[in-house]
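Containing CSV, C-alpha atoms: run.csv.
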```
chain,number,residue,atom,x,y,z
A,6,MET,CA,-28.7,61.7,-6.4
A,7,ALA,CA,-25.0,62.1,-7.6
A,8,GLU,CA,-22.5,61.3,-10.3
A,9,ARG,CA,-19.1,61.5,-11.6
A,10,LEU,CA,-16.2,59.6,-12.8
A,11,ALA,CA,-14.4,57.9,-15.4
A,12,ALA,CA,-11.3,58.2,-17.4
A,13,SER,CA,-11.0,59.4,-21.0
A,14,PHE,CA,-11.3,56.0,-22.7
A,15,SER,CA,-12.4,56.2,-26.4
A,16,PRO,CA,-16.0,55.4,-26.9
A,17,SER,CA,-16.8,52.2,-28.9
A,18,SER,CA,-19.0,52.3,-31.9
A,19,CYS,CA,-22.0,51.3,-29.7
A,20,LEU,CA,-21.3,54.2,-27.3
A,21,LEU,CA,-22.6,57.5,-28.4
A,22,PRO,CA,-21.6,60.6,-26.4
A,23,ALA,CA,-24.4,62.2,-24.5
A,24,ALA,CA,-25.4,65.3,-26.4
A,25,SER,CA,-25.6,67.6,-23.4
A,26,LYS,CA,-24.0,70.9,-22.7
A,27,ARG,CA,-23.0,69.2,-19.4
A,28,THR,CA,-20.6,66.8,-21.1
A,29,ALA,CA,-19.1,64.6,-18.3
A,30,GLN,CA,-15.5,65.1,-17.5
A,31,PRO,CA,-13.3,62.4,-16.1
A,32,SER,CA,-13.7,62.2,-12.3
A,33,SER,CA,-13.7,59.5,-9.7
A,34,ALA,CA,-17.2,59.0,-8.4
A,35,ALA,CA,-20.8,58.7,-9.1
A,36,LEU,CA,-23.8,57.5,-7.4
A,37,PRO,CA,-27.0,55.4,-7.8
A,38,PHE,CA,-29.9,57.5,-9.0
A,39,LEU,CA,-28.3,60.8,-9.9
A,40,PRO,CA,-30.9,63.5,-9.7
A,41,SER,CA,-32.1,65.3,-12.8
A,42,PRO,CA,-30.4,68.7,-12.9
A,43,ARG,CA,-31.8,71.1,-10.5
A,44,ARG,CA,-35.2,69.3,-10.2
A,45,LEU,CA,-34.5,68.0,-7.8
A,46,HIS,CA,-27.1,42.1,-30.9
A,47,SER,CA,-27.8,40.0,-28.0
A,48,THR,CA,-25.4,37.1,-27.7
A,49,SER,CA,-26.3,33.9,-25.9
A,50,SER,CA,-24.0,31.1,-24.9
A,51,CYS,CA,-24.6,27.4,-24.7
A,52,SER,CA,-22.4,24.9,-22.9
A,53,LEU,CA,-22.3,21.1,-23.2
A,54,ARG,CA,-22.4,19.6,-19.7
A,55,PRO,CA,-20.5,17.6,-18.6
A,56,VAL,CA,-18.4,18.0,-21.8
A,57,PRO,CA,-15.1,19.8,-21.0
A,58,PRO,CA,-14.9,23.6,-21.4
A,59,PRO,CA,-13.0,23.6,-24.8
A,60,LEU,CA,-16.1,22.1,-26.4
A,61,ARG,CA,-18.4,24.9,-25.2
A,62,LEU,CA,-20.7,26.1,-27.9
A,63,PHE,CA,-21.9,29.7,-28.4
A,64,GLN,CA,-24.8,30.7,-30.6
A,65,THR,CA,-27.0,33.7,-31.0
A,66,ALA,CA,-30.4,33.9,-29.4
A,67,ALA,CA,-30.2,30.4,-28.0
A,68,ILE,CA,-33.0,29.7,-25.6
A,69,GLY,CA,-33.6,26.8,-23.2
A,70,SER,CA,-31.8,23.6,-23.5
A,71,ARG,CA,-31.6,20.5,-25.7
A,72,ARG,CA,-30.3,17.0,-25.3
A,73,THR,CA,-27.6,15.5,-27.5
A,74,THR,CA,-26.3,12.0,-27.8
A,75,SER,CA,-22.8,11.1,-29.0
A,76,ALA,CA,-20.7,7.9,-29.3
A,77,ILE,CA,-17.3,7.8,-27.6
A,78,GLY,CA,-15.6,4.5,-28.5
A,79,SER,CA,-18.1,1.8,-27.5
A,80,ARG,CA,-19.9,4.1,-25.1
A,81,ARG,CA,-22.8,6.4,-25.8
A,82,THR,CA,-23.0,9.5,-23.7
A,83,THR,CA,-25.8,12.0,-23.3
A,84,SER,CA,-25.2,15.7,-22.5
A,85,VAL,CA,-27.6,18.6,-22.0
A,86,VAL,CA,-26.8,21.8,-23.9
A,87,VAL,CA,-27.5,24.6,-21.5
A,88,CYS,CA,-28.0,27.9,-23.2
A,89,ALA,CA,-27.8,31.3,-21.6
A,90,ALA,CA,-27.7,34.9,-22.5
A,91,SER,CA,-24.2,35.2,-21.1
A,92,ASP,CA,-21.3,32.8,-20.7
A,93,PRO,CA,-20.7,32.0,-17.0
A,94,ALA,CA,-16.9,31.5,-17.6
A,95,GLN,CA,-16.7,34.9,-19.2
A,96,LEU,CA,-18.7,36.5,-16.4
A,97,ARG,CA,-16.2,35.2,-13.9
A,98,SER,CA,-13.3,36.5,-15.9
A,99,ALA,CA,-14.9,39.8,-16.5
A,100,ARG,CA,-15.5,40.2,-12.7
A,101,GLU,CA,-11.7,39.9,-12.1
A,102,ASP,CA,-11.1,42.5,-14.8
A,103,ILE,CA,-13.6,44.8,-13.1
A,104,LYS,CA,-11.8,44.4,-9.8
A,105,GLU,CA,-8.6,45.5,-11.4
A,106,LEU,CA,-10.4,48.5,-13.0
A,107,LEU,CA,-11.7,49.5,-9.6
A,108,LYS,CA,-8.2,49.4,-8.1
A,109,THR,CA,-6.8,51.8,-10.7
A,110,THR,CA,-9.7,54.2,-11.4
A,111,PHE,CA,-11.6,54.4,-8.1
A,112,CYS,CA,-14.8,54.1,-10.1
A,113,HIS,CA,-16.9,52.2,-7.6
A,114,PRO,CA,-19.6,54.9,-7.3
A,115,ILE,CA,-20.3,55.4,-11.0
A,116,LEU,CA,-20.4,51.6,-11.7
A,117,VAL,CA,-23.0,51.3,-9.0
A,118,ARG,CA,-25.0,54.1,-10.5
A,119,LEU,CA,-24.8,52.6,-14.0
A,120,GLY,CA,-26.4,49.3,-12.8
A,121,TRP,CA,-29.0,51.2,-10.8
A,122,HIS,CA,-30.0,53.5,-13.7
A,123,ASP,CA,-30.3,50.7,-16.2
A,124,ALA,CA,-32.6,48.7,-13.8
A,125,GLY,CA,-34.4,51.7,-12.2
A,126,THR,CA,-36.6,52.5,-15.2
A,127,TYR,CA,-38.8,49.4,-14.4
A,128,ASP,CA,-42.6,49.9,-14.3
A,129,LYS,CA,-44.4,47.0,-12.6
A,130,ASN,CA,-47.6,48.1,-14.2
A,131,ILE,CA,-46.3,47.3,-17.7
A,132,ALA,CA,-46.1,43.5,-18.5
A,133,GLU,CA,-44.5,43.6,-21.9
A,134,TRP,CA,-40.7,43.4,-22.3
A,135,PRO,CA,-38.9,45.7,-22.9
A,136,LYS,CA,-41.6,48.4,-22.7
A,137,ARG,CA,-41.6,47.8,-18.9
A,138,GLY,CA,-38.0,49.0,-18.6
A,139,GLY,CA,-35.6,47.5,-16.2
A,140,ALA,CA,-32.2,45.8,-16.4
A,141,ASN,CA,-32.0,45.2,-20.2
A,142,GLY,CA,-28.9,47.1,-21.3
A,143,SER,CA,-30.8,49.9,-22.9
A,144,LEU,CA,-28.6,52.5,-21.2
A,145,ARG,CA,-25.8,51.9,-23.7
A,146,PHE,CA,-27.8,53.9,-26.3
A,147,GLU,CA,-27.4,57.6,-26.8
A,148,ILE,CA,-31.1,58.4,-26.5
A,149,GLU,CA,-31.1,57.1,-22.9
A,150,LEU,CA,-27.7,58.5,-22.0
A,151,LYS,CA,-29.0,61.9,-22.9
A,152,HIS,CA,-31.7,61.7,-20.2
A,153,ALA,CA,-30.8,64.4,-17.6
A,154,ALA,CA,-30.6,61.9,-14.7
A,155,ASN,CA,-27.9,60.0,-16.6
A,156,ALA,CA,-25.5,62.9,-17.0
A,157,GLY,CA,-21.9,61.5,-16.9
A,158,LEU,CA,-22.8,57.9,-17.3
A,159,VAL,CA,-21.1,57.8,-20.7
A,160,ASN,CA,-17.9,57.7,-18.7
A,161,ALA,CA,-18.9,54.5,-17.0
A,162,LEU,CA,-19.6,52.9,-20.4
A,163,LYS,CA,-16.2,54.0,-21.7
A,164,LEU,CA,-14.6,52.3,-18.7
A,165,LEU,CA,-16.4,49.1,-19.3
A,166,GLN,CA,-16.3,48.9,-23.0
A,167,SER,CA,-12.9,47.3,-23.3
A,168,ILE,CA,-14.1,44.6,-20.9
A,169,ARG,CA,-17.2,44.1,-23.0
A,170,ASP,CA,-15.1,43.9,-26.2
A,171,LYS,CA,-12.9,41.3,-24.5
A,172,TYR,CA,-15.8,39.2,-23.3
A,173,SER,CA,-18.3,39.4,-26.2
A,174,SER,CA,-20.4,36.6,-24.9
A,175,ILE,CA,-21.7,38.7,-22.0
A,176,THR,CA,-24.8,40.9,-22.5
A,177,TYR,CA,-24.6,44.6,-21.6
A,178,ALA,CA,-27.4,44.1,-19.2
A,179,ASP,CA,-25.4,41.4,-17.3
A,180,LEU,CA,-22.2,43.5,-17.5
A,181,PHE,CA,-23.8,46.6,-16.0
A,182,GLN,CA,-25.2,44.6,-13.0
A,183,LEU,CA,-22.0,42.6,-12.5
A,184,ALA,CA,-20.0,45.8,-12.4
A,185,SER,CA,-22.5,47.4,-9.9
A,186,ALA,CA,-22.5,44.4,-7.5
A,187,THR,CA,-18.7,44.0,-7.8
A,188,ALA,CA,-18.2,47.6,-6.9
A,189,ILE,CA,-20.3,47.3,-3.8
A,190,GLU,CA,-18.4,44.2,-2.7
A,191,GLU,CA,-15.0,45.6,-3.4
A,192,ALA,CA,-15.7,48.8,-1.4
A,193,GLY,CA,-16.2,46.6,1.6
A,194,GLY,CA,-20.0,46.0,1.3
A,195,PRO,CA,-21.9,42.8,1.5
A,196,LYS,CA,-21.9,40.0,-0.9
A,197,ILE,CA,-24.8,40.5,-3.3
A,198,PRO,CA,-26.8,37.3,-4.2
A,199,MET,CA,-26.7,37.9,-7.9
A,200,LYS,CA,-28.0,35.9,-10.9
A,201,TYR,CA,-27.2,36.4,-14.5
A,202,GLY,CA,-28.6,35.7,-18.0
A,203,ARG,CA,-30.3,39.0,-18.7
A,204,VAL,CA,-31.2,39.6,-22.3
A,205,ASP,CA,-30.3,42.8,-24.0
A,206,VAL,CA,-32.6,45.1,-26.0
A,207,SER,CA,-31.6,45.3,-29.6
A,208,GLY,CA,-31.9,49.0,-30.4
A,209,PRO,CA,-32.5,52.5,-29.2
A,210,GLU,CA,-36.2,52.4,-30.1
A,211,GLN,CA,-36.6,50.0,-27.1
A,212,CYS,CA,-35.3,52.5,-24.6
A,213,PRO,CA,-37.7,53.8,-22.0
A,214,GLU,CA,-39.0,57.4,-22.0
A,215,GLU,CA,-37.3,60.0,-19.8
A,216,GLY,CA,-38.6,60.7,-16.3
A,217,ARG,CA,-38.7,57.3,-14.6
A,218,LEU,CA,-35.7,57.9,-12.3
A,219,PRO,CA,-36.0,59.8,-9.0
A,220,ASP,CA,-35.1,63.5,-8.4
A,221,ALA,CA,-33.2,64.7,-5.4
A,222,GLY,CA,-35.2,67.8,-4.5
A,223,PRO,CA,-38.9,67.3,-5.3
A,224,PRO,CA,-41.6,69.3,-3.4
A,225,SER,CA,-42.6,66.3,-1.4
A,226,PRO,CA,-39.5,64.1,-1.0
A,227,ALA,CA,-41.2,61.2,0.8
A,228,GLY,CA,-44.1,61.1,-1.6
A,229,HIS,CA,-41.7,61.3,-4.6
A,230,LEU,CA,-39.5,58.4,-3.4
A,231,ARG,CA,-42.6,56.3,-2.8
A,232,ASN,CA,-44.1,57.1,-6.2
A,233,VAL,CA,-40.9,56.1,-8.0
A,234,PHE,CA,-39.9,53.1,-6.0
A,235,TYR,CA,-43.3,51.7,-5.4
A,236,ARG,CA,-43.7,51.8,-9.2
A,237,MET,CA,-40.7,49.4,-9.3
A,238,GLY,CA,-42.3,47.1,-6.8
A,239,LEU,CA,-40.1,48.2,-3.9
A,240,ASP,CA,-41.2,49.0,-0.4
A,241,ASP,CA,-40.2,51.5,2.4
A,242,LYS,CA,-37.5,49.2,3.8
A,243,GLU,CA,-35.9,48.7,0.4
A,244,ILE,CA,-36.1,52.5,-0.3
A,245,VAL,CA,-34.1,53.2,2.9
A,246,ALA,CA,-31.7,50.4,2.4
A,247,LEU,CA,-30.9,51.4,-1.2
A,248,SER,CA,-30.5,55.0,-0.1
A,249,GLY,CA,-27.6,53.8,2.0
A,250,ALA,CA,-25.5,53.3,-1.1
A,251,HIS,CA,-24.9,57.1,-0.9
A,252,THR,CA,-22.2,56.1,1.5
A,253,LEU,CA,-20.3,55.9,-1.8
A,254,GLY,CA,-19.6,58.8,-4.2
A,255,ARG,CA,-19.9,62.5,-4.6
A,256,SER,CA,-22.3,65.0,-6.2
A,257,ARG,CA,-20.9,67.6,-8.6
A,258,PRO,CA,-22.8,70.9,-9.0
A,259,GLU,CA,-21.8,71.4,-12.6
A,260,ARG,CA,-23.6,68.2,-13.5
A,261,SER,CA,-26.5,67.8,-11.1
A,262,GLY,CA,-26.9,71.3,-9.6
A,263,TRP,CA,-26.3,69.9,-6.1
A,264,GLY,CA,-23.4,70.0,-3.7
A,265,LYS,CA,-20.3,72.1,-3.3
A,266,ALA,CA,-17.5,72.4,-5.9
A,267,GLU,CA,-15.1,70.7,-3.4
A,268,THR,CA,-14.7,70.0,0.3
A,269,LYS,CA,-11.9,69.0,2.6
A,270,TYR,CA,-12.9,65.4,1.9
A,271,THR,CA,-12.8,65.6,-1.9
A,272,LYS,CA,-10.2,68.3,-2.8
A,273,ASP,CA,-7.4,65.7,-3.1
A,274,GLY,CA,-9.4,62.9,-4.7
A,275,PRO,CA,-9.0,59.9,-5.0
A,276,GLY,CA,-9.2,60.3,-8.7
A,277,ALA,CA,-10.3,63.7,-10.0
A,278,PRO,CA,-10.7,66.1,-7.1
A,279,GLY,CA,-13.9,68.0,-6.3
A,280,GLY,CA,-17.6,67.5,-5.6
A,281,GLN,CA,-19.3,67.0,-2.3
A,282,SER,CA,-19.6,63.6,-0.7
A,283,TRP,CA,-22.2,62.2,1.6
A,284,THR,CA,-19.6,60.6,3.8
A,285,VAL,CA,-16.0,61.2,4.9
A,286,GLN,CA,-14.6,58.0,3.4
A,287,TRP,CA,-16.7,58.0,0.2
A,288,LEU,CA,-15.1,54.9,-1.3
A,289,LYS,CA,-15.9,52.8,1.7
A,290,PHE,CA,-19.3,51.0,1.9
A,291,ASP,CA,-20.6,51.1,5.5
A,292,ASN,CA,-23.4,52.6,7.4
A,293,SER,CA,-21.8,56.0,7.9
A,294,TYR,CA,-24.4,57.6,5.5
A,295,PHE,CA,-27.1,57.0,8.1
A,296,ARG,CA,-25.0,58.1,11.0
A,297,ASP,CA,-23.9,61.3,9.3
A,298,ILE,CA,-27.5,62.3,8.4
A,299,LYS,CA,-28.7,61.6,11.9
A,300,GLN,CA,-25.9,63.8,13.4
A,301,GLY,CA,-26.1,66.4,10.7
A,302,LYS,CA,-23.1,68.3,12.1
A,303,ASP,CA,-20.6,68.4,9.2
A,304,GLU,CA,-21.2,71.1,6.7
A,305,ASP,CA,-18.8,69.5,4.3
A,306,LEU,CA,-21.0,66.5,3.9
A,307,LEU,CA,-24.0,66.5,1.6
A,308,ILE,CA,-27.6,66.0,2.7
A,309,LEU,CA,-30.2,66.2,-0.1
A,310,PRO,CA,-33.9,66.6,0.6
A,311,THR,CA,-34.4,62.9,-0.3
A,312,ASP,CA,-31.7,62.0,2.3
A,313,ALA,CA,-33.0,64.2,5.1
A,314,VAL,CA,-36.5,62.8,4.7
A,315,LEU,CA,-35.3,59.3,5.8
A,316,PHE,CA,-35.2,60.7,9.4
A,317,GLU,CA,-38.3,62.9,9.0
A,318,ASP,CA,-40.8,60.4,7.7
A,319,SER,CA,-41.9,58.1,10.5
A,320,HIS,CA,-42.0,54.9,8.3
A,321,PHE,CA,-38.6,55.6,6.8
A,322,LYS,CA,-37.1,56.7,10.1
A,323,ALA,CA,-37.7,53.3,11.7
A,324,TYR,CA,-35.3,51.7,9.2
A,325,ALA,CA,-32.9,54.6,9.0
A,326,GLU,CA,-32.4,54.6,12.8
A,327,LYS,CA,-31.9,50.8,12.7
A,328,TYR,CA,-29.3,51.0,10.1
A,329,ALA,CA,-27.5,53.9,11.8
A,330,GLU,CA,-27.0,51.6,14.9
A,331,ASP,CA,-26.7,48.2,13.3
A,332,GLN,CA,-24.4,47.9,10.2
A,333,ASP,CA,-25.0,44.1,10.0
A,334,ALA,CA,-28.7,44.7,9.6
A,335,PHE,CA,-28.1,47.3,7.0
A,336,PHE,CA,-25.8,45.0,5.0
A,337,LYS,CA,-28.3,42.2,5.1
A,338,ASP,CA,-31.2,44.4,3.9
A,339,TYR,CA,-29.1,46.2,1.4
A,340,ALA,CA,-27.8,43.0,-0.3
A,341,GLU,CA,-31.3,41.7,-0.7
A,342,ALA,CA,-32.6,45.1,-2.0
A,343,HIS,CA,-29.7,45.5,-4.4
A,344,ALA,CA,-30.2,42.0,-5.8
A,345,LYS,CA,-34.0,42.6,-6.3
A,346,LEU,CA,-33.3,45.9,-8.0
A,347,SER,CA,-30.8,44.3,-10.4
A,348,ASN,CA,-33.4,41.8,-11.6
A,349,LEU,CA,-36.3,44.3,-12.2
A,350,GLY,CA,-37.8,44.1,-15.6
A,351,ALA,CA,-35.1,41.7,-16.9
A,352,LYS,CA,-35.9,38.9,-19.3
A,353,PHE,CA,-33.6,36.0,-18.3
A,354,ASN,CA,-32.2,33.2,-20.5
A,355,PRO,CA,-32.5,30.7,-19.0
A,356,PRO,CA,-35.8,31.9,-17.6
A,357,GLU,CA,-34.8,31.3,-14.0
A,358,GLY,CA,-31.5,33.1,-14.4
A,359,MET,CA,-28.2,31.5,-13.4
A,360,PRO,CA,-25.7,32.1,-10.6
A,361,MET,CA,-22.0,32.2,-11.3
A,362,ASP,CA,-20.5,28.8,-10.7
A,363,ASP,CA,-18.1,29.9,-8.0
A,364,GLU,CA,-20.1,31.8,-5.4
A,365,THR,CA,-17.6,30.9,-2.7
A,366,ILE,CA,-15.0,33.5,-3.8
A,367,THR,CA,-12.8,34.8,-1.0
A,368,GLN,CA,-13.1,38.6,-0.7
A,369,GLU,CA,-10.0,40.4,0.4
A,370,PRO,CA,-10.4,42.7,3.5
A,371,PHE,CA,-11.3,46.2,2.5
A,372,VAL,CA,-8.9,49.0,3.6
A,373,ALA,CA,-10.4,52.4,3.0
A,374,ALA,CA,-7.1,54.2,3.8
A,375,ALA,CA,-5.5,52.6,0.7
A,376,TYR,CA,-7.6,54.9,-1.5
A,377,TYR,CA,-6.6,58.2,0.2
A,378,SER,CA,-3.4,60.1,-0.1
A,379,ASP,CA,-3.2,60.8,3.6
A,380,GLY,CA,-5.1,60.2,6.8
A,381,GLU,CA,-5.9,63.8,7.7
A,382,ASN,CA,-9.6,64.5,7.9
A,383,ARG,CA,-10.3,61.0,6.6
A,384,LYS,CA,-11.0,59.1,9.8
A,385,LYS,CA,-14.6,58.7,10.7
A,386,ASP,CA,-14.2,57.4,14.2
```
For this file, produce the structure as C-alpha cells.
Amino acid sequence: MAERLAASFSPSSCLLPAASKRTAQPSSAALPFLPSPRRLHSTSSCSLRPVPPPLRLFQTAAIGSRRTTSAIGSRRTTSVVVCAASDPAQLRSAREDIKELLKTTFCHPILVRLGWHDAGTYDKNIAEWPKRGGANGSLRFEIELKHAANAGLVNALKLLQSIRDKYSSITYADLFQLASATAIEEAGGPKIPMKYGRVDVSGPEQCPEEGRLPDAGPPSPAGHLRNVFYRMGLDDKEIVALSGAHTLGRSRPERSGWGKAETKYTKDGPGAPGGQSWTVQWLKFDNSYFRDIKQGKDEDLLILPTDAVLFEDSHFKAYAEKYAEDQDAFFKDYAEAHAKLSNLGAKFNPPEGMPMDDETITQEPFVAAAYYSDGENRKKD
C-alpha cells in the first residue's frame, strides 16, 4: 500500500541493501503495508531499583529479575534487579532523537511502514517464536528486505541506524515500533499506548517467508484483507482503523506499480518530490483518508482497490462511515489497533512488557502547514 523515503545515510554493517532492480531512492514518504509490485545479538538491560541511575547494570540475555542485598554503613538494603530487552532510559532518549529526525527528513510515513511490516508477518496459527513472525526485528536482515512488499524500507533502516548505534541497549524490534508510534504522534495523531521489551531474532535464518503482507490490488480486496488480517488476529474494525494510516504518505509507481509519478500535492515535496498521496496534507494524521475516499472527487488523490472496498463492503463500511464523520472515534480505535499490531508475535522481556516511565509527555500542537513550502492547493477545508 505505499512507500518511499529516506536520505542517503550509509548502511551499517547489519544493514544489507535490498538486492532489487527497484533500488529505493531517497524520498520523503512511505506507508504501512506497501503492496507487492503490481500484485496488487539481542541486548538486554537490567536496572537496580531504587539504586540511582549511574549504577544501572546491563547484561546480555538477562531475563526476569533477581533480588540483591547490600550493606550501606550500618544499614542493609535490598533492591530488585529488573531486567529487560531494552533500557527504558535509552528508549526515552531515542524517542527524542526520532522526533528531531522527523523534523528534518519528513520521514513519518516510512517509519510507520517499517514498524507495520516488521509486525505484520505474524501468524496466530503458529505458536513457536520466532516462526510465528511478528515484531521481532527480523526486517533488519537482507533476506526480508528483499521481499517485494518491503521495497524501499532499507532507507528507513539507514535513517534509524545512527540512533540504534547511539543507543545500543535498545533492540531493533523495540526501535522499529518506537519509531512507528512516534511518527504517528508527531504527525498529529493519537497517543499510542505502547509497551516495550521486545526481543530480537538473532539471524536471517529466523526471518519469515515472503507473502505474509497484504497486496493493494487482489482479485477480491475484501476477502484478501480479511485473510491477511484475520491471520494476525485482527478484526474488521481494526482493519478499517489501521487502513486510516494511509492519511500519511505517498505511493510511487516505480516501486509499487501504483499511483502517479507526481501530482499537484506532491510535486514540491516536502522532501523528495513525486508520487501520489491518498490525502492533500499527507504528513498530517487525521481522518481525511476516509472523507476523501467517500467523496472520490479528486483525481490527484490515490484510491487503491483495498481503499475503495472500505466503502463497498457492508461490514467495513459501517466503520469507514463512522471514521469519516467522527475523528475522535477514529483516533481512539486507531490507537488501540496500532498498539495491538505493534505487539503481535513479540516475545517480551520482561514477559508482560514495560511502558516508558514518563507516559505523561506533553505533545506540541501539530501544524501541518509547517511541512509545506506554500499554502496553495494544500488546504483541505
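For the choices A:Ala344, A:Gly194, A:Met237, A:Asp333, the atom-to-atom distance to Asn130 of chain A is smallest for A:Met237 when using all atoms listed in the file.
The neighbours of Asn348 of chain A here are the residues that come within 9 Å of it, using all atoms listed in the file and leaving out any residue fewer than 3 positions away in the same chain; they are A:Ala124, A:Gly139, A:Ala140, A:Gln182, A:Met199, A:Lys200, A:Tyr201, A:Arg203, A:His343, A:Ala344, A:Lys345, A:Ala351, A:Lys352, A:Phe353.
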So what do you get for atom CA of Glu341 of chain A versus atom CA of Pro198 of chain A, distance-wise? 7.2 Å
Contact check, segment 102-206 of chain A to segment 272-275 of chain A, at most 10 Å, counting all atoms listed in the file, closest pairs as CSV:
```
residue,atom,partner,partner_atom,distance
A:Thr110,CA,A:Pro275,CA,8.6
A:Phe111,CA,A:Pro275,CA,6.8
A:Cys112,CA,A:Pro275,CA,9.7
```
Judged by all atoms listed in the file, the minimum distance to Gln95 of chain A among A:Ile189, A:Tyr339, A:Met361, A:Ala184 is found for A:Met361
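In this comparison, which uses all atoms listed in the file, the residue of A:Ala153, A:Ile148, A:Ile175, A:Leu164 approaching Leu106 of chain A most closely is A:Leu164.
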